[in-house]
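Asker: Handing you this structure, nothing more for now.
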Amino acid sequence: MAIHKAKFDKEEFKKAVVGNCKSLYRKTLDEASQQQRFQSVAYAVKDLIMDKWIATHKQYDKEDPKVVYYMSMEFLMGRALGNNMINLMQYKEIKKALEELDLDINEIEDQEPDPALGNGGLGRLAACFLDSLATLEYPSYGCGIRYRYGMFKQEIKDGYQIETPDDWLRDGYPFEIKRAEYRYEVKFGGYVKVVKDEKTGRDNFVQEDYRSVIAVPYDLPILGYGNNTVNSLRIWDAEPVVKFNLNSFDKGDYQKAIEEENLAKNLVEVLYPNDNHYAGKELRLKQQYFFVSASVQRAVDRYKNMHNGDVSKLYEKVTFQLNDTHPTVTVAELMRILMDENGLDWDQAWDITSKTVAYTNHTIMAEALEKWPIELFSRLLPRIYQIVEEINRRFVEKIKAKYPGDQEKIRKMAIIYDGQVKMAHLAICAGYSVNGVAKLHTEILKKQELKDFYEMMPEKFNNKTNGITQRRFLLHGNPLLAEWITDKIGDGWITDLKQIDKLSLYVDDKKAQQEFMNIKYKNKVRLAEYIKKYNGIDVDPNSIFDVQVKRLHEYKRQLLNILHVMYLYNKIKTDPTFDMEPRTFIFGAKAAAGYRIAKQTIKLINNVANVINNDASISGKIKVVFIENYRVSNGEMIFAAADVSEQISTASKEASGTGNMKFMLNGAITLGTMDGANVEIVQEVGEENAVIFGLSSDEVIKYENEGGYDPMEIFNEDQDVREVLMELINGKYSDNDPEEFRDIYNSLLNFQDGRRADIYFILKDFKSYAKAQEEIDKRYKDKAGWAKSVMLNTAKSGKFSSDRTIEEYVKDIWKLEKVHVEM
Ligand code: 26W
C-alpha cells in the first residue's frame, strides 16, 4: 500500500488552536480550562481532516462504487483525538506543536470522553471494522444511534458497582457534524389502510393515524491510516416532528404533538446496558426500527439519485451487514420501501432484498436471542409486521415443500411461531450470508444452534474470525512497543500485521528479550501509577500482572478467577513458605444494572481484594485490584501492561472474544479454555506458548445434553474447593453480612429458579484451572523462556488484525472494490 503523508504546517496548526480557543470560548489558551484546550486542539485536528473527508465523498460520487452499510445498534469507538492524529500520521508533529504551546498531549487526550455507544465485544468489533475499512480504502458507512447517554460510568463505592450517566455530549463533541439536510421521517403505530390504485388496480398500503419522529444524522469521520480516505459513522438523533412542521398544531391535535415530542426525546435517550441478554423492551424495538428505517431510506435515496430513480439493481451497489439480529428489521423495511414507495411487486422486492442483506451471529447464548411478542411488534410496526408475516408464510411453504409432513421443522424454523417474531430466523431466511465470528463458533452454529437452517441452506453459512485494529491497540495504546517493533522490522506491520512475524527472528536474542521485557515493565509502571491514582492501591510492577477485563457475565467466569484467588490465599496462609512468584490479579468489568449475580461477583472481588491487600502476613505475594470503569481508553493501557491474559469462558459459550487478541498482540500469554478464537490463537502461537485448561466445547455440550453434571460430587470430595465455597457464606469476606454471597454459593451448588447448579462448570474446571495457574508460575520463573514466549505471542498475532477480517468479508460477502482518493 502506498502510504500517504500530508504536509504538516506546525505554525499554522498552533495558530488554529489559539484561534479556536478564542472563537469558541473568548479565552486565551492559558486562561482556558483543560477541557476547553482539548476542544481547541480537537477542532484544529478536525480541520486537518475536512478536506480529505470532502475529497473522499466526491470520489465516491464520481466512481459510484459498491458500498457496505454496517448496521449496528452499537459502536464502541473510544477516544478519537489520539486515533485521528495517528491515522493522519501526524501524532509526533502535533505533539511537538502542543509542547510549544505548553500543552501536554497526554493530558489533552485525557480530556476526551470515550464515546461509549456500545456494551462490549460486538460494539468494539464494529469500531475496529470501520478503522480497517477506511484504511483499506473500502467505501462504507457505519449506521447507528446517537445515544444521548452511552454505556454508563461505573463507580465502585464500598465494593458495590454504582452506575452513573455517561454524559458524553455535555461539553459538545468536536468531531461530529450535524447533517440536517438528510433528515427522514420514521413512523410508528397506527394502522395500515389498503387503497386501490384506480389506474393500475394495485393495492397500495398506507399507514394511518401513526406517531412519527424525525431522524437527523450526525456524521463522525473515520480516518484511514496513511491515506486520504475518510469514511463516515452516521449516527441518528431523534427530533420531534413539530419542530419543523406545525401541522399537528394547525389541526389542533395538541395531544399528538406532545406525544411525538416525548417519543423523540425518549427514543435515543440511552443505550441498553445489557450484553448478551434480551429484555424485550418496547423502547428497544423502537430504537431498532428508528435507526434502521432512517439508514435504509437514506441508502435507497442515495442510490436512486445516482441511478435515475431506478432501484431494480440496488444489490449491485449496496449491501447491508446486520451486526447481530438487532438491526434485522432492515429486511422488512427495505421490502416496504421497494414495494410501497417504489412500486415494485413482491418478487422483485424480495429478489433485491435477499441479495442485499447479510447477517452476522455473535452469540449462542440462548438468553440473547431476540424474540418479539406479535402483539408488541404488530402494534408498533403494523406495516412491517404484515411484510414479516408474508415472508414467514412463503418461508413455511418452502419448509413444507422440502420436508413434507414434518411439523417439527416448522416449529423450529418458522419466523413467526408461538406468538413471537424470531429475529434470527428472519435474518437467516432473508439474508444471502450467515456468518459466525470464529471457526469453533461457526462450527457450533452449523452443528447445533442453527443446524436446521444449515441443512436447508448450507451455501449461506461461512466463518469470519474476528480481528482487532493494531493502529489503536498497539500503535496508539503501546507506543514504546510500537516504536521498538518498527525499529526492528520497519513499519509495514501498521497496515499489514502479518509482517509482525518478522519478530520471530529475535525471540532467542538475549538483548531483544531484555528490551521487550523492559518495555513491558515500563507499561506495568504506567498501569501501576494509574491504579495508585484511581484505586489507592500500591502494586508491584515486578509481580505478574494477571488480567481479566471484559463484561461481567457468568459464562465468562470471573467467579472462577476470584475463587482461585481465595484458594491461593488459603494455601499461602497455611504454608507461609509456599513459594510463588508475586502476582497481581487485575479485574475490570461492568455488570448490566439488573444482573444480580454479576453485581454480587463485583462485590466479592472487591471484598476479597480488601482482605488480601490488607493482610501484611502474606508479604505482598498476592494483590487483587478491581479497576473502576473499564472502557476502551484505559483498556489500551491495560492490554499493554498484561503478562497473563485470562480467557476462561466455559467452552462453547464465547463466540470469539477480541480482548484475547489485544492481549496477545501486546505480548501476554493466554491462560484460557479451548473456546472462541482462543482455539485459533493457540493454533498460531503453538500450545507451548499458551496455557490451556478445562473442558472442551464437545464435553460441555455433551454434559448439557445429558442434563448437566453434579457439582455436589466435587464439593464432597475436594476439600480445597469446599473450603473456598464455605468462605462464601461464613462471613470471611463479608463480615457485616455473612449472607451477602449466598446467591453465588447457591448458583454453584443448588438447583434453583428452574436452573441446574453450576451451569457454567466452574467447579468442574476448578482443579484444571488451578493447575494451569501453577503452570504460569512455573513458566514465569524461567525468565528467558517467558520472554521468548510473550515475544512469540506478539510475533504470531498477524492473523488477528481486523484488516484480515475485513478483506475476508469483502471477498466472500460484500464484493467491494477499493476506491483510491488522490489529493
Ligand atoms: C439483545 C441483547 C444483546 C445485546 C448484545 C444480545 C447480544 C449482544 C451481543 C451480541 C453480545 C456480544 O457482544 N457478543 C460478543 O461479540 C463479540 C464480537 O463478535 C465476540 O467476540 C464475543 O465473543 C461475543 O460475546
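Residues are named by chain letter and number: chains run A, B, ... in the order of the C-alpha cells, numbers start at 1 in each chain, and ligands are numbered from 1 in the order shown.
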Just want the 9 Å neighbourhood of Ile86 (chain A), counted on only C-alpha atoms, with same-chain residues fewer than 2 positions away dropped. Output as number ranges by chain.
Answerer: A: 81-84, 88-92, 225-226, 471-472, 475-476
Asker: Among region 582-767 of chain A, which ones does DSSP place in helix (DSSP H, G or I), written as a VMD selection string?
Answerer: chain A and resid 596 to 613 616 to 618 632 to 641 659 to 665 678 to 685 687 to 689 697 to 705 711 to 717 719 to 729 742 to 749 762 to 767
Asker: Please extract the residues at most 6 Å from ligand 1, counting only C-alpha atoms and all ligand atoms, and provide them as a list in words, using the chain letters and residue numbers of this document.
Answerer: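 Counting only what the definition allows, namely only C-alpha atoms and all ligand atoms, the set is Gly120, Gly121, Leu122, Leu125, Asn274, Asp275, Asn276, His277, Tyr278, Asp324, His362, Thr363, Ala368, Glu370, Val437, Glu654, Ala655, Ser656, Gly657 and Thr658 of chain A.
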Asker: I need the residues in region 494-728 of chain A that are strand (DSSP E) according to DSSP; give them as a ChimeraX atom specification.
Answerer: /A:544-549,583-588,622-626,644-647,669-672,691-692
Asker: Residues near Glu12 (chain A), anyone? I mean within 10 Å using only C-alpha atoms, not counting same-chain ones fewer than 5 positions away, as an mmCIF file with all heavy atoms, in the first residue's frame.
Answerer:
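Result file follows (selection-v9.cif):
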data_model
loop_
_atom_site.group_PDB
_atom_site.id
_atom_site.type_symbol
_atom_site.label_atom_id
_atom_site.label_comp_id
_atom_site.auth_asym_id
_atom_site.auth_seq_id
_atom_site.Cartn_x
_atom_site.Cartn_y
_atom_site.Cartn_z
ATOM 1 N N VAL A 17 -5.146 26.363 16.869
ATOM 2 C CA VAL A 17 -5.517 26.023 18.250
ATOM 3 C C VAL A 17 -5.845 27.296 19.031
ATOM 4 O O VAL A 17 -6.888 27.399 19.684
ATOM 5 C CB VAL A 17 -4.395 25.224 18.949
ATOM 6 C CG1 VAL A 17 -4.729 24.998 20.423
ATOM 7 C CG2 VAL A 17 -4.158 23.896 18.243
ATOM 8 N N ALA A 44 -8.873 21.876 15.750
ATOM 9 C CA ALA A 44 -7.745 22.081 14.832
ATOM 10 C C ALA A 44 -7.430 20.786 14.083
ATOM 11 O O ALA A 44 -7.110 20.797 12.893
ATOM 12 C CB ALA A 44 -6.523 22.585 15.599
ATOM 13 N N ALA A 97 3.989 20.448 18.345
ATOM 14 C CA ALA A 97 3.294 21.737 18.265
ATOM 15 C C ALA A 97 2.644 22.070 19.609
ATOM 16 O O ALA A 97 2.713 23.215 20.084
ATOM 17 C CB ALA A 97 2.244 21.703 17.157
#
Asker: Tell me, as a ChimeraX atom specification, which residues lie within 6 Å of region 690-706 of chain A, counting only C-alpha atoms; anything in the same chain fewer than 4 positions away does not count.
Answerer: /A:651-652,669-673,765,768-769
Asker: Hey, could you make a per-residue contact list for region 496-571 of chain A against region 577-601 of chain A with 12 Å as the cut-off, showing the nearest pair of atoms and its distance in Å to one decimal, counting only C-alpha atoms, sorted by chain and number, as CSV?
Answerer:
residue,atom,partner,partner_atom,distance
A:Lys524,CA,A:Thr584,CA,10.9
A:Leu527,CA,A:Ile586,CA,10.6
A:Ala528,CA,A:Thr584,CA,10.4
A:Ile531,CA,A:Ile586,CA,9.9
A:Asn535,CA,A:Ile586,CA,11.6
A:Ile537,CA,A:Thr584,CA,11.1
A:Asp538,CA,A:Thr584,CA,10.3
A:Val539,CA,A:Thr584,CA,7.1
A:Asp540,CA,A:Thr584,CA,7.7
A:Pro541,CA,A:Thr584,CA,8.8
A:Asn542,CA,A:Pro582,CA,7.8
A:Ser543,CA,A:Pro582,CA,4.8
A:Ile544,CA,A:Arg583,CA,4.6
A:Phe545,CA,A:Thr584,CA,5.1
A:Asp546,CA,A:Phe585,CA,4.9
A:Val547,CA,A:Ile586,CA,4.7
A:Gln548,CA,A:Phe587,CA,5.0
A:Val549,CA,A:Gly588,CA,4.5
A:Lys550,CA,A:Ala589,CA,5.3
A:Arg551,CA,A:Ala589,CA,4.9
A:Leu552,CA,A:Ala591,CA,5.0
A:His553,CA,A:Ala598,CA,6.1
A:Glu554,CA,A:Ala598,CA,6.8
A:Tyr555,CA,A:Ala598,CA,10.4
A:Lys556,CA,A:Ala598,CA,10.5
A:Arg557,CA,A:Thr601,CA,9.7
A:Gln558,CA,A:Thr601,CA,7.6
A:Leu559,CA,A:Thr601,CA,6.5
A:Leu560,CA,A:Thr601,CA,10.3
A:Asn561,CA,A:Phe585,CA,8.8
A:Ile562,CA,A:Thr601,CA,8.7
A:Leu563,CA,A:Thr601,CA,10.3
A:His564,CA,A:Phe585,CA,10.6
A:Val565,CA,A:Phe585,CA,8.1
A:Met566,CA,A:Phe585,CA,11.4
A:Leu568,CA,A:Phe578,CA,10.0
A:Tyr569,CA,A:Phe578,CA,10.5
A:Asn570,CA,A:Phe578,CA,10.7
A:Lys571,CA,A:Phe578,CA,7.5
Asker: Please write the residues from the selection above to a file, keeping C-alpha atoms, as an mmCIF file, in the first residue's frame.
Answerer:
data_model
loop_
_atom_site.group_PDB
_atom_site.id
_atom_site.type_symbol
_atom_site.label_atom_id
_atom_site.label_comp_id
_atom_site.auth_asym_id
_atom_site.auth_seq_id
_atom_site.Cartn_x
_atom_site.Cartn_y
_atom_site.Cartn_z
ATOM 1 C CA LYS A 524 3.386 -2.032 34.048
ATOM 2 C CA LEU A 527 -0.577 0.991 34.844
ATOM 3 C CA ALA A 528 0.617 0.834 38.459
ATOM 4 C CA ILE A 531 -4.024 2.064 39.814
ATOM 5 C CA ASN A 535 -7.659 2.803 43.463
ATOM 6 C CA ILE A 537 -3.510 0.567 45.897
ATOM 7 C CA ASP A 538 0.233 0.027 45.588
ATOM 8 C CA VAL A 539 1.023 -2.743 43.160
ATOM 9 C CA ASP A 540 4.453 -4.060 42.369
ATOM 10 C CA PRO A 541 5.397 -3.816 38.690
ATOM 11 C CA ASN A 542 7.744 -6.736 39.278
ATOM 12 C CA SER A 543 4.812 -9.006 40.073
ATOM 13 C CA ILE A 544 2.997 -10.935 37.383
ATOM 14 C CA PHE A 545 0.144 -8.817 36.034
ATOM 15 C CA ASP A 546 -2.646 -11.315 35.580
ATOM 16 C CA VAL A 547 -5.579 -9.597 33.933
ATOM 17 C CA GLN A 548 -9.233 -10.322 33.247
ATOM 18 C CA VAL A 549 -11.024 -7.363 31.691
ATOM 19 C CA LYS A 550 -14.318 -7.818 29.857
ATOM 20 C CA ARG A 551 -18.033 -7.543 30.565
ATOM 21 C CA LEU A 552 -19.124 -9.296 33.695
ATOM 22 C CA HIS A 553 -21.097 -12.388 32.790
ATOM 23 C CA GLU A 554 -21.398 -15.772 34.449
ATOM 24 C CA TYR A 555 -20.257 -17.562 31.305
ATOM 25 C CA LYS A 556 -17.028 -15.520 31.239
ATOM 26 C CA ARG A 557 -16.352 -16.909 34.718
ATOM 27 C CA GLN A 558 -14.782 -14.044 36.634
ATOM 28 C CA LEU A 559 -16.055 -16.154 39.538
ATOM 29 C CA LEU A 560 -13.665 -18.983 38.681
ATOM 30 C CA ASN A 561 -10.818 -16.495 38.761
ATOM 31 C CA ILE A 562 -11.676 -14.993 42.148
ATOM 32 C CA LEU A 563 -12.446 -18.394 43.713
ATOM 33 C CA HIS A 564 -8.975 -19.436 42.659
ATOM 34 C CA VAL A 565 -7.514 -16.325 44.284
ATOM 35 C CA MET A 566 -9.309 -17.277 47.512
ATOM 36 C CA LEU A 568 -4.344 -19.469 46.647
ATOM 37 C CA TYR A 569 -4.664 -17.181 49.622
ATOM 38 C CA ASN A 570 -5.616 -20.145 51.809
ATOM 39 C CA LYS A 571 -2.616 -22.009 50.527
#
Asker: CA of Glu529 (chain A) to CA of Ala42 (chain A): how many Å, to one decimal?
Answerer: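 Pair CA of Glu529 (chain A) / CA of Ala42 (chain A) returns 26.5 Å.
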Asker: For Phe741 (chain A), work out the shell of residues within 10 Å, counting only C-alpha atoms and skipping chain neighbours fewer than 3 positions away, then give it as a PyMOL selection string.
Answerer: chain A and resi 597+600-601+603-604+727-731+733-734+737-738+744-746
Asker: Residues of the last selection are to be written out with C-alpha atoms, as a PDB file, in the first residue's frame.
Answerer:
ATOM      1  CA  ILE A 597     -25.242 -12.378  40.359  1.00  0.00           C
ATOM      2  CA  GLN A 600     -22.534  -9.737  43.574  1.00  0.00           C
ATOM      3  CA  THR A 601     -19.422 -11.024  41.828  1.00  0.00           C
ATOM      4  CA  LYS A 603     -18.693  -7.049  45.323  1.00  0.00           C
ATOM      5  CA  LEU A 604     -16.989 -10.375  46.026  1.00  0.00           C
ATOM      6  CA  GLU A 727     -15.941 -18.949  52.794  1.00  0.00           C
ATOM      7  CA  LEU A 728     -18.639 -17.507  50.570  1.00  0.00           C
ATOM      8  CA  ILE A 729     -21.177 -17.948  53.357  1.00  0.00           C
ATOM      9  CA  ASN A 730     -19.232 -17.821  56.593  1.00  0.00           C
ATOM     10  CA  GLY A 731     -18.523 -14.123  56.630  1.00  0.00           C
ATOM     11  CA  TYR A 733     -15.218 -11.921  53.021  1.00  0.00           C
ATOM     12  CA  SER A 734     -18.364 -10.197  54.244  1.00  0.00           C
ATOM     13  CA  ASP A 737     -23.400  -9.714  56.310  1.00  0.00           C
ATOM     14  CA  PRO A 738     -22.431 -13.386  56.038  1.00  0.00           C
ATOM     15  CA  ILE A 744     -23.319 -17.029  44.282  1.00  0.00           C
ATOM     16  CA  TYR A 745     -22.991 -20.012  46.567  1.00  0.00           C
ATOM     17  CA  ASN A 746     -26.400 -21.273  45.510  1.00  0.00           C
TER      18      ASN A 746
END
Asker: Point out the residue among A:Glu112, A:Val230, A:Glu515, A:Gly19 with the least atom-to-atom distance to Glu483 (chain A), counting only C-alpha atoms.
Answerer: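 The shortest atom-to-atom distance to Glu483 (chain A) comes from A:Glu515.
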Asker: Name all residues at most 6 Å from region 156-163 of chain A (count only C-alpha atoms; drop same-chain ones fewer than 3 positions away) and give them as number ranges by chain.
Answerer: A: 152-153, 603, 606
Asker: When you look at Phe516 (chain A) with a cut-off of 10 Å (counting only C-alpha atoms), what residues show up, excluding the ones that are within fewer than 3 positions of it in the same chain? I need them as a ChimeraX atom specification.
Answerer: /A:480-481,484-485,507,510-513,519-521,667,787-788,790-791
Asker: Quote the spacing between CA of Gly431 (chain A) and CA of Tyr359 (chain A) in Å to one decimal place.
Answerer: 6.2 Å
Asker: Tell me, counting only C-alpha atoms, for each residue of region 200-319 of chain A within 12 Å of region 338-356 of chain A, which pair of atoms is nearest and how far apart they are in Å to one decimal, in rows ordered by chain and increasing number, as a tab-separated table.
Answerer:
residue	atom	partner	partner_atom	distance
A:Thr200	CA	A:Gly343	CA	10.5
A:Arg202	CA	A:Gly343	CA	9.2
A:Asp203	CA	A:Asp340	CA	9.4
A:Asn204	CA	A:Asp340	CA	6.7
A:Phe205	CA	A:Asp340	CA	6.5
A:Val206	CA	A:Asp340	CA	8.1
A:Gln207	CA	A:Asp340	CA	10.3
A:Val296	CA	A:Leu338	CA	10.6
A:Gln297	CA	A:Leu338	CA	10.1
A:Ala299	CA	A:Thr356	CA	11.6
A:Val300	CA	A:Leu338	CA	8.8
A:Asp301	CA	A:Asn342	CA	10.8
A:Lys304	CA	A:Asn342	CA	10.3
A:Gly309	CA	A:Asn342	CA	9.0
A:Asp310	CA	A:Asn342	CA	8.7
A:Val311	CA	A:Leu338	CA	7.6
A:Ser312	CA	A:Ile352	CA	7.2
A:Lys313	CA	A:Ile352	CA	7.2
A:Leu314	CA	A:Ile352	CA	6.7
A:Tyr315	CA	A:Thr356	CA	5.0
A:Glu316	CA	A:Thr356	CA	8.3
A:Lys317	CA	A:Thr356	CA	9.0
A:Val318	CA	A:Thr356	CA	6.5
A:Thr319	CA	A:Thr356	CA	4.7
Asker: Go ahead and dump the residues you just picked, N, CA and C atoms, as a PDB file, in the first residue's frame.
Answerer:
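This is the output file part_6.pdb:
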ATOM      1  N   THR A 200     -53.738   1.489 -11.903  1.00  0.00           N
ATOM      2  CA  THR A 200     -53.042   0.200 -12.050  1.00  0.00           C
ATOM      3  C   THR A 200     -53.820  -0.974 -11.473  1.00  0.00           C
ATOM      4  N   ARG A 202     -53.602  -1.818  -8.551  1.00  0.00           N
ATOM      5  CA  ARG A 202     -52.751  -2.345  -7.494  1.00  0.00           C
ATOM      6  C   ARG A 202     -53.226  -1.910  -6.114  1.00  0.00           C
ATOM      7  N   ASP A 203     -53.000  -2.759  -5.100  1.00  0.00           N
ATOM      8  CA  ASP A 203     -53.284  -2.355  -3.723  1.00  0.00           C
ATOM      9  C   ASP A 203     -52.127  -1.523  -3.196  1.00  0.00           C
ATOM     10  N   ASN A 204     -52.449  -0.354  -2.695  1.00  0.00           N
ATOM     11  CA  ASN A 204     -51.424   0.432  -2.014  1.00  0.00           C
ATOM     12  C   ASN A 204     -51.642   0.365  -0.508  1.00  0.00           C
ATOM     13  N   PHE A 205     -50.550   0.248   0.222  1.00  0.00           N
ATOM     14  CA  PHE A 205     -50.660   0.145   1.683  1.00  0.00           C
ATOM     15  C   PHE A 205     -50.249   1.456   2.315  1.00  0.00           C
ATOM     16  N   VAL A 206     -51.172   2.050   3.042  1.00  0.00           N
ATOM     17  CA  VAL A 206     -50.894   3.361   3.625  1.00  0.00           C
ATOM     18  C   VAL A 206     -51.041   3.303   5.134  1.00  0.00           C
ATOM     19  N   GLN A 207     -50.003   3.753   5.821  1.00  0.00           N
ATOM     20  CA  GLN A 207     -50.061   3.773   7.280  1.00  0.00           C
ATOM     21  C   GLN A 207     -50.823   5.016   7.730  1.00  0.00           C
ATOM     22  N   VAL A 296     -31.898   3.026   5.966  1.00  0.00           N
ATOM     23  CA  VAL A 296     -32.289   2.387   4.708  1.00  0.00           C
ATOM     24  C   VAL A 296     -32.910   3.412   3.758  1.00  0.00           C
ATOM     25  N   GLN A 297     -33.722   4.296   4.315  1.00  0.00           N
ATOM     26  CA  GLN A 297     -34.283   5.353   3.461  1.00  0.00           C
ATOM     27  C   GLN A 297     -33.168   6.147   2.790  1.00  0.00           C
ATOM     28  N   ALA A 299     -30.025   5.247   2.281  1.00  0.00           N
ATOM     29  CA  ALA A 299     -29.231   4.436   1.348  1.00  0.00           C
ATOM     30  C   ALA A 299     -29.968   4.295   0.016  1.00  0.00           C
ATOM     31  N   VAL A 300     -31.272   4.058   0.079  1.00  0.00           N
ATOM     32  CA  VAL A 300     -32.042   3.894  -1.160  1.00  0.00           C
ATOM     33  C   VAL A 300     -32.098   5.229  -1.918  1.00  0.00           C
ATOM     34  N   ASP A 301     -32.315   6.319  -1.181  1.00  0.00           N
ATOM     35  CA  ASP A 301     -32.338   7.633  -1.839  1.00  0.00           C
ATOM     36  C   ASP A 301     -31.021   7.931  -2.531  1.00  0.00           C
ATOM     37  N   LYS A 304     -30.807   5.909  -5.617  1.00  0.00           N
ATOM     38  CA  LYS A 304     -31.714   6.405  -6.665  1.00  0.00           C
ATOM     39  C   LYS A 304     -31.181   7.686  -7.313  1.00  0.00           C
ATOM     40  N   GLY A 309     -33.324   7.180 -10.415  1.00  0.00           N
ATOM     41  CA  GLY A 309     -34.533   6.766  -9.710  1.00  0.00           C
ATOM     42  C   GLY A 309     -34.896   5.301  -9.861  1.00  0.00           C
ATOM     43  N   ASP A 310     -34.018   4.525 -10.491  1.00  0.00           N
ATOM     44  CA  ASP A 310     -34.326   3.113 -10.739  1.00  0.00           C
ATOM     45  C   ASP A 310     -33.676   2.236  -9.655  1.00  0.00           C
ATOM     46  N   VAL A 311     -34.508   1.536  -8.874  1.00  0.00           N
ATOM     47  CA  VAL A 311     -33.962   0.760  -7.761  1.00  0.00           C
ATOM     48  C   VAL A 311     -33.685  -0.708  -8.097  1.00  0.00           C
ATOM     49  N   SER A 312     -33.956  -1.100  -9.334  1.00  0.00           N
ATOM     50  CA  SER A 312     -34.003  -2.535  -9.640  1.00  0.00           C
ATOM     51  C   SER A 312     -32.654  -3.248  -9.505  1.00  0.00           C
ATOM     52  N   LYS A 313     -31.558  -2.488  -9.510  1.00  0.00           N
ATOM     53  CA  LYS A 313     -30.253  -3.144  -9.364  1.00  0.00           C
ATOM     54  C   LYS A 313     -29.542  -2.698  -8.088  1.00  0.00           C
ATOM     55  N   LEU A 314     -30.326  -2.398  -7.080  1.00  0.00           N
ATOM     56  CA  LEU A 314     -29.768  -1.896  -5.819  1.00  0.00           C
ATOM     57  C   LEU A 314     -28.635  -2.780  -5.296  1.00  0.00           C
ATOM     58  N   TYR A 315     -28.835  -4.083  -5.398  1.00  0.00           N
ATOM     59  CA  TYR A 315     -27.871  -5.040  -4.839  1.00  0.00           C
ATOM     60  C   TYR A 315     -26.491  -4.937  -5.486  1.00  0.00           C
ATOM     61  N   GLU A 316     -26.417  -4.331  -6.644  1.00  0.00           N
ATOM     62  CA  GLU A 316     -25.104  -4.183  -7.279  1.00  0.00           C
ATOM     63  C   GLU A 316     -24.222  -3.166  -6.559  1.00  0.00           C
ATOM     64  N   LYS A 317     -24.863  -2.221  -5.871  1.00  0.00           N
ATOM     65  CA  LYS A 317     -24.095  -1.126  -5.265  1.00  0.00           C
ATOM     66  C   LYS A 317     -24.259  -0.993  -3.758  1.00  0.00           C
ATOM     67  N   VAL A 318     -25.148  -1.799  -3.207  1.00  0.00           N
ATOM     68  CA  VAL A 318     -25.439  -1.634  -1.780  1.00  0.00           C
ATOM     69  C   VAL A 318     -25.474  -2.982  -1.096  1.00  0.00           C
ATOM     70  N   THR A 319     -24.842  -3.058   0.077  1.00  0.00           N
ATOM     71  CA  THR A 319     -25.043  -4.235   0.903  1.00  0.00           C
ATOM     72  C   THR A 319     -25.183  -3.797   2.357  1.00  0.00           C
TER      73      THR A 319
END
Asker: Could you jot down the CA of Pro273 (chain A) to CA of Asn119 (chain A) separation for me, Å, one decimal place?
Answerer: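 If I compute the distance from CA of Pro273 (chain A) to CA of Asn119 (chain A), I get 6.2 Å.
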